[in-house]
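First up is the structure itself, then whatever we jot down about it.
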Amino acid sequence: MIGLIAALGLVWLWLVIGVLLLGSDVSMSTILRPGDHTIVRVFLWLLLAACLATGLYLSDTRGAIEVEVTGPLDILSLILGRLAMIAVAVVVGVMFYEVVARYVFFRPTLWANEMSLWIAGFVFLLAGLYAMQQRSHIRIYVIYDLMPRWAQKLADTVTVVLIWVFFASLVWGGYNEVLAKLMRMETFGTAWDPPIPSTVKTAILAVIGLVALQATSNLIADWHKAPEHHAGDEVDEQEIEHIRKALGTDGNG
């Protein structure tokens with residue numbers, strides 16, 4: 001509960017994080033109305049540190065459906081996963097702010113759309129890393145469950161190798177472009193003009209690399225586990241009955 005309150009408390013503070021990467025006070029300074037830009041920069045860096053600390057704090061609490069931590073890389077993935085969870089609340093806060101500013105005060109912002117898009121890109125990437133750490137990515141067990149344990153290990157190994165091949169191909173094909181965009185800090189080309197292309201494309205390479213490392217960590221941690229068999233989803237007759245009533249049909253419909 002404390003972690004949730006802290007995360008929600010950071011929602012409005014995260015609205016100004018873009019100033020750090022932009023290196024300017026476009027639009028957001030109108031909201032903050034700072035008297036000393038140096039103080040504002042220090043304040044924003046402290047906010048960023050607070051968000052990281054919140055992610056670290058939340059990573060120490062395991063949810064009921066989350067898997068146990070099996071290595072140091074899992075801790076990093078959990079911290080980044082918690083940051084993604086906080087960021088979802090931030091996106092909601094940004095859009096809520098924009099709606100109120102536009103339709104209540106008739107003072108729409110220049111940055112709400114790009115800010116939500118910017119944050120959502122990082123949420124998408126970090127959510128993938130978190131899913132890999134939790135072993136909750138899409139997996140088809142129809143054939144896998146029929147395999148002996150040695151064949152399952154082989155399939156898992158091939159999967160990890162393919163992930164590394166994908167990452168290597170991504171680096172080989174995109175490293176120079178990402179470096180060029182990052183060096184000139186390529187921006188989005190809008191009125192607010194945030195550096196979405198340079199930062200998000202850099203994050204793609206970094207996070208996919210972490211996903212490959214996490215997949216390898218999972219393989220090592222699960223190597224000596226007993227075979228798992230995944231039963232099909234049980235049919236919930238009560239839920240089906242509720243659906244039939246909602247649709248106005250009977251059991252013969």
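Convention: chains lettered A, B, ... in structure tokens order; per-chain residue numbering from 1; ligands numbered from 1 as shown.
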Give me the residues near region 106-115 of chain A as an mmCIF file with N, CA and C atoms, in the first residue's frame, where near means some atom within 9 Å (using only C-alpha atoms) and where sequence neighbours in that chain fewer than 2 positions away do not count.
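New file part.cif:
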data_model
loop_
_atom_site.group_PDB
_atom_site.id
_atom_site.type_symbol
_atom_site.label_atom_id
_atom_site.label_comp_id
_atom_site.auth_asym_id
_atom_site.auth_seq_id
_atom_site.Cartn_x
_atom_site.Cartn_y
_atom_site.Cartn_z
ATOM 1 N N LEU A 15 5.258 14.451 -14.752
ATOM 2 C CA LEU A 15 4.860 15.264 -15.898
ATOM 3 C C LEU A 15 5.972 16.198 -16.349
ATOM 4 N N GLY A 18 10.256 15.314 -18.730
ATOM 5 C CA GLY A 18 10.706 15.587 -20.090
ATOM 6 C C GLY A 18 11.688 16.734 -20.176
ATOM 7 N N VAL A 26 10.370 24.362 -22.493
ATOM 8 C CA VAL A 26 9.240 24.583 -23.384
ATOM 9 C C VAL A 26 7.958 24.078 -22.732
ATOM 10 N N SER A 27 6.960 24.915 -22.698
ATOM 11 C CA SER A 27 5.619 24.592 -22.227
ATOM 12 C C SER A 27 5.568 24.252 -20.749
ATOM 13 N N MET A 28 6.395 23.311 -20.310
ATOM 14 C CA MET A 28 6.314 22.857 -18.936
ATOM 15 C C MET A 28 6.688 23.961 -17.954
ATOM 16 N N VAL A 91 0.996 7.976 -17.537
ATOM 17 C CA VAL A 91 0.287 8.226 -18.798
ATOM 18 C C VAL A 91 -1.159 8.628 -18.520
ATOM 19 N N VAL A 94 -1.143 12.152 -17.313
ATOM 20 C CA VAL A 94 -0.886 13.106 -18.399
ATOM 21 C C VAL A 94 -2.163 13.356 -19.198
ATOM 22 N N MET A 95 -2.849 12.283 -19.569
ATOM 23 C CA MET A 95 -4.051 12.441 -20.372
ATOM 24 C C MET A 95 -5.175 13.118 -19.579
ATOM 25 N N TYR A 97 -4.723 15.285 -17.172
ATOM 26 C CA TYR A 97 -4.330 16.700 -17.111
ATOM 27 C C TYR A 97 -4.712 17.409 -18.404
ATOM 28 N N GLU A 98 -4.450 16.764 -19.536
ATOM 29 C CA GLU A 98 -4.740 17.376 -20.822
ATOM 30 C C GLU A 98 -6.234 17.598 -20.998
ATOM 31 N N VAL A 99 -7.048 16.627 -20.612
ATOM 32 C CA VAL A 99 -8.501 16.761 -20.752
ATOM 33 C C VAL A 99 -9.016 17.932 -19.908
ATOM 34 N N VAL A 100 -8.548 18.008 -18.666
ATOM 35 C CA VAL A 100 -8.978 19.096 -17.785
ATOM 36 C C VAL A 100 -8.498 20.438 -18.320
ATOM 37 N N ALA A 101 -7.231 20.500 -18.728
ATOM 38 C CA ALA A 101 -6.685 21.766 -19.234
ATOM 39 C C ALA A 101 -7.408 22.222 -20.493
ATOM 40 N N ARG A 102 -7.759 21.278 -21.358
ATOM 41 C CA ARG A 102 -8.363 21.631 -22.648
ATOM 42 C C ARG A 102 -9.841 21.999 -22.513
ATOM 43 N N TYR A 103 -10.595 21.162 -21.781
ATOM 44 C CA TYR A 103 -12.044 21.327 -21.791
ATOM 45 C C TYR A 103 -12.601 22.080 -20.582
ATOM 46 N N VAL A 104 -11.794 22.222 -19.536
ATOM 47 C CA VAL A 104 -12.257 22.975 -18.381
ATOM 48 C C VAL A 104 -11.656 24.380 -18.378
ATOM 49 N N LEU A 117 2.882 9.371 -25.597
ATOM 50 C CA LEU A 117 3.468 8.475 -26.603
ATOM 51 C C LEU A 117 4.878 8.068 -26.202
ATOM 52 N N TRP A 118 5.643 9.008 -25.722
ATOM 53 C CA TRP A 118 7.021 8.777 -25.303
ATOM 54 C C TRP A 118 7.077 7.756 -24.168
ATOM 55 N N ILE A 119 6.287 7.987 -23.133
ATOM 56 C CA ILE A 119 6.282 7.091 -21.976
ATOM 57 C C ILE A 119 5.761 5.711 -22.369
ATOM 58 N N ALA A 120 4.702 5.684 -23.202
ATOM 59 C CA ALA A 120 4.116 4.409 -23.604
ATOM 60 C C ALA A 120 5.118 3.539 -24.352
ATOM 61 N N PHE A 188 11.216 14.838 -32.500
ATOM 62 C CA PHE A 188 9.982 14.309 -33.084
ATOM 63 C C PHE A 188 9.411 15.208 -34.171
ATOM 64 N N THR A 190 7.576 18.036 -33.746
ATOM 65 C CA THR A 190 6.305 18.672 -33.404
ATOM 66 C C THR A 190 6.577 20.000 -32.687
ATOM 67 N N ALA A 191 5.515 20.651 -32.220
ATOM 68 C CA ALA A 191 5.679 21.927 -31.526
ATOM 69 C C ALA A 191 6.495 21.767 -30.259
ATOM 70 N N TRP A 192 6.253 20.692 -29.524
ATOM 71 C CA TRP A 192 7.028 20.445 -28.308
ATOM 72 C C TRP A 192 8.392 19.864 -28.652
ATOM 73 N N ASP A 193 8.428 19.010 -29.691
ATOM 74 C CA ASP A 193 9.661 18.497 -30.282
ATOM 75 C C ASP A 193 10.540 17.704 -29.317
ATOM 76 N N PRO A 194 10.004 16.656 -28.672
ATOM 77 C CA PRO A 194 10.827 15.836 -27.777
ATOM 78 C C PRO A 194 11.711 14.880 -28.571
ATOM 79 N N ILE A 196 12.013 11.801 -29.108
ATOM 80 C CA ILE A 196 11.450 10.446 -29.063
ATOM 81 C C ILE A 196 12.228 9.471 -29.945
#
- Using only C-alpha atoms, which residues sit within 12 Å of Phe166 (chain A) once same-chain residues fewer than 6 positions away are excluded, as a PyMOL selection string? chain A and resi 159-160+172-174+205+208-209+211-212
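If only C-alpha atoms are the atoms counted, then among A:Ile143, A:Ala151, A:Val69, A:Val178 the closest residue to Tyr130 (chain A) is A:Val69.
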- Message: Need to verify the contact set: Ile75 (chain A), 12 Å, only C-alpha atoms, exclusion of same-chain residues closer than 2 positions in sequence. Can you return it as a list in words?
- Response: Gly55, Leu56, Tyr57, Leu58, Ser59, Asp60, Thr61, Arg62, Val67, Glu68, Val69, Thr70, Gly71, Pro72, Leu73, Ser77, Leu78, Ile79, Leu80, Gly81, Arg82, Leu129, Tyr130, Gln133, Gln134, Gln214 and Ser217 of chain A
- Item | One-decimal distance in Å that lies between CA of Leu182 (chain A) and CA of Ala215 (chain A) | 27.2 Å
- Message: For a test of reading the model, state the distance in Å between CA of Pro148 (chain A) and CA of Ile220 (chain A), rounded to one decimal.
- Response: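 CA of Pro148 (chain A) sits 18.2 Å away from CA of Ile220 (chain A).
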- Note on the structure: CA of Ser116 (chain A) sits from CA of Phe167 (chain A) at a separation of 26.9 Å
- A:Ala49, A:Trp164, A:His229, A:Ala64 ranked by distance to Gln152 (chain A), top pick (using only C-alpha atoms): A:His229
- Would you list the contacts of Met183 (chain A) as an MDAnalysis selection string, taking every protein, DNA or RNA residue within 12 Å and counting only C-alpha atoms, but skipping same-chain residues closer than 5 positions in sequence? chainID A and resid 176:178 195 197:199 202
Grab the residues selected above and save them as a CSV table (one decimal), in the first residue's frame with all heavy atoms.
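Written file, result-v7.csv:
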chain,number,residue,atom,x,y,z
A,176,ASN,N,24.3,1.5,-36.1
A,176,ASN,CA,24.8,2.8,-36.7
A,176,ASN,C,23.7,3.8,-36.8
A,176,ASN,O,23.9,5.0,-36.5
A,176,ASN,CB,25.3,2.5,-38.1
A,176,ASN,CG,26.6,1.7,-38.1
A,176,ASN,OD1,27.3,1.7,-37.1
A,176,ASN,ND2,26.9,0.9,-39.1
A,177,GLU,N,22.5,3.4,-37.1
A,177,GLU,CA,21.3,4.4,-37.2
A,177,GLU,C,21.0,4.9,-35.8
A,177,GLU,O,20.8,6.1,-35.6
A,177,GLU,CB,20.1,3.7,-37.8
A,177,GLU,CG,18.9,4.6,-37.9
A,177,GLU,CD,17.6,3.9,-38.3
A,177,GLU,OE1,17.7,2.7,-38.6
A,177,GLU,OE2,16.6,4.6,-38.4
A,178,VAL,N,21.0,4.0,-34.8
A,178,VAL,CA,20.7,4.4,-33.5
A,178,VAL,C,21.8,5.4,-33.0
A,178,VAL,O,21.5,6.4,-32.3
A,178,VAL,CB,20.6,3.2,-32.5
A,178,VAL,CG1,20.5,3.6,-31.1
A,178,VAL,CG2,19.3,2.4,-32.9
A,195,PRO,N,12.8,14.4,-28.0
A,195,PRO,CA,13.7,13.5,-28.7
A,195,PRO,C,13.2,12.0,-28.6
A,195,PRO,O,14.0,11.1,-28.2
A,195,PRO,CB,15.0,13.7,-27.9
A,195,PRO,CG,14.6,14.0,-26.5
A,195,PRO,CD,13.4,14.8,-26.7
A,197,PRO,N,12.5,9.8,-31.2
A,197,PRO,CA,13.2,8.8,-32.1
A,197,PRO,C,14.6,8.4,-31.5
A,197,PRO,O,14.9,7.2,-31.5
A,197,PRO,CB,13.4,9.6,-33.4
A,197,PRO,CG,12.4,10.6,-33.4
A,197,PRO,CD,12.2,11.0,-32.0
A,198,SER,N,15.4,9.3,-31.0
A,198,SER,CA,16.7,9.0,-30.5
A,198,SER,C,16.7,8.2,-29.2
A,198,SER,O,17.4,7.2,-29.0
A,198,SER,CB,17.5,10.3,-30.3
A,198,SER,OG,16.8,11.2,-29.4
A,199,THR,N,15.8,8.5,-28.3
A,199,THR,CA,15.7,7.9,-27.0
A,199,THR,C,15.0,6.5,-27.1
A,199,THR,O,15.5,5.5,-26.5
A,199,THR,CB,15.0,8.7,-26.0
A,199,THR,OG1,13.7,9.1,-26.4
A,199,THR,CG2,15.8,10.0,-25.7
A,202,THR,N,17.2,3.9,-29.0
A,202,THR,CA,18.3,3.5,-28.2
A,202,THR,C,17.8,2.5,-27.1
A,202,THR,O,18.4,1.5,-26.8
A,202,THR,CB,18.9,4.7,-27.5
A,202,THR,OG1,19.4,5.6,-28.4
A,202,THR,CG2,20.1,4.2,-26.6
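Comparing the minimum interatomic distances between Met85 (chain A) and each of A:Ala226, A:Val165, A:Val207, A:Val123, counting only C-alpha atoms, we find that A:Val123 sits nearest.
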- Message: Taking the DSSP secondary structure from the backbone, can you list the residues of region 54-239 of chain A that are alpha helix (DSSP H), as a VMD selection string?
- Response: chain A and resid 54 to 59 72 to 103 112 to 133 141 to 144 149 to 183 196 to 222 237 to 239
